[in-house]
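Inspection log for the structure reproduced underneath, given as structure tokens.
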Amino acid sequence: MKVEVVDARADRPAVRALTVPAGTRAGEVLELCEWLAPVRRGDGCGLAVFGEAVPAEYELQEGDRLEVCPPLRMSPMEARRRRAAAQQAKASSKPQ
């Protein structure tokens, strides 16, 4: 079956089309792609299929687009807290 693998960690995403046997799991595809070696070492990257997070055990389907996503720099909740604090500080410093 044909799948597409996208390395979204770089400034310019790398895309490769692969033909893999039916039943291939997302983690197994990473082992087939030498250009994805850092992911195999466990650098905190995530996997997604068409933008939905999947585990390495996810069984790929014909036409899936497997995306290797960069690790988060901070949790989404922490990012929201920081934005809210910055907006609050900005609002309180405006002259009335």
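Order determines the names: the first chain of the structure tokens is A, the second B, and so forth; residues in each chain are numbered 1 upward, and ligands are numbered 1 upward as they are shown.
All residues of protein, DNA or RNA that reach within 7 Å of region 3-16 of chain A, judged by only C-alpha atoms and not counting those fewer than 6 positions away in the chain, are Glu62, Gly63, Asp64, Arg65, Leu66, Glu67, Val68, Cys69 and Pro70 of chain A.
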All helix (DSSP H, G or I) positions in chain A, as a PyMOL selection string: chain A and resi 26-32+34-40+76-92
Could the residues in this selection be saved with C-alpha atoms as an mmCIF file, in the first residue's frame?
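Just written: out_13.cif:
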data_model
loop_
_atom_site.group_PDB
_atom_site.id
_atom_site.type_symbol
_atom_site.label_atom_id
_atom_site.label_comp_id
_atom_site.auth_asym_id
_atom_site.auth_seq_id
_atom_site.Cartn_x
_atom_site.Cartn_y
_atom_site.Cartn_z
ATOM 1 C CA ALA A 26 3.646 4.026 12.142
ATOM 2 C CA GLY A 27 6.725 3.163 14.216
ATOM 3 C CA GLU A 28 7.855 0.624 11.651
ATOM 4 C CA VAL A 29 7.792 3.259 8.915
ATOM 5 C CA LEU A 30 10.219 5.359 10.949
ATOM 6 C CA GLU A 31 12.650 2.444 10.924
ATOM 7 C CA LEU A 32 12.366 2.245 7.125
ATOM 8 C CA GLU A 34 16.960 6.519 7.357
ATOM 9 C CA TRP A 35 16.383 10.280 7.081
ATOM 10 C CA LEU A 36 14.225 10.086 10.218
ATOM 11 C CA ALA A 37 16.995 8.665 12.434
ATOM 12 C CA PRO A 38 16.647 11.304 15.203
ATOM 13 C CA VAL A 39 13.029 10.251 15.753
ATOM 14 C CA ARG A 40 14.067 6.667 16.399
ATOM 15 C CA PRO A 76 -0.421 24.333 25.317
ATOM 16 C CA MET A 77 -1.854 25.168 28.751
ATOM 17 C CA GLU A 78 1.340 26.954 29.805
ATOM 18 C CA ALA A 79 1.408 28.864 26.514
ATOM 19 C CA ARG A 80 -2.184 30.042 27.115
ATOM 20 C CA ARG A 81 -1.315 31.132 30.664
ATOM 21 C CA ARG A 82 1.609 33.191 29.409
ATOM 22 C CA ARG A 83 -0.460 34.844 26.673
ATOM 23 C CA ALA A 84 -3.221 35.689 29.158
ATOM 24 C CA ALA A 85 -0.731 37.153 31.633
ATOM 25 C CA ALA A 86 0.872 39.245 28.877
ATOM 26 C CA GLN A 87 -2.527 40.558 27.715
ATOM 27 C CA GLN A 88 -3.531 41.368 31.280
ATOM 28 C CA ALA A 89 -0.260 43.232 31.883
ATOM 29 C CA LYS A 90 -0.713 45.141 28.629
ATOM 30 C CA ALA A 91 -4.295 46.085 29.487
ATOM 31 C CA SER A 92 -3.399 47.284 32.984
#
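Excluding Gln61 (chain A) itself and any same-chain residue fewer than 6 positions from it, the protein and nucleic acid residues within 9 Å of it, counting only C-alpha atoms, are Met1, Lys2, Val3, Ala22, Gly23 and Thr24 of chain A.
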Please identify the strand (DSSP E or B) residues within chain A (assignment by DSSP from backbone atoms) and present them as a PyMOL selection string. chain A and resi 2-7+14-19+25+46-49+52-53+59+65-69
Could those selected residues go to a file with C-alpha atoms, as a compact mmCIF listing (two decimals), in the first residue's frame?
# COMPACT_ATOMS: atom_id res chain seq x y z
CA LYS A 2 1.13 3.57 -0.57
CA VAL A 3 1.64 6.08 2.23
CA GLU A 4 3.28 9.47 2.49
CA VAL A 5 5.75 10.39 5.24
CA VAL A 6 6.30 14.03 6.17
CA ASP A 7 9.14 15.25 8.37
CA ALA A 14 10.57 16.75 3.70
CA VAL A 15 7.98 14.54 2.04
CA ARG A 16 8.51 10.99 0.81
CA ALA A 17 6.12 8.52 -0.76
CA LEU A 18 6.58 4.92 0.34
CA THR A 19 5.10 1.59 -0.57
CA ARG A 25 2.60 0.38 11.86
CA GLY A 46 5.17 13.09 17.94
CA LEU A 47 3.39 11.20 15.19
CA ALA A 48 0.18 12.21 13.46
CA VAL A 49 -1.91 11.02 10.54
CA GLU A 52 -4.47 13.68 14.36
CA ALA A 53 -1.99 12.33 16.94
CA GLU A 59 -1.68 0.57 11.77
CA ARG A 65 -0.05 10.79 5.46
CA LEU A 66 2.21 10.08 8.44
CA GLU A 67 3.58 13.29 9.93
CA VAL A 68 6.59 13.47 12.24
CA CYS A 69 5.98 16.55 14.38
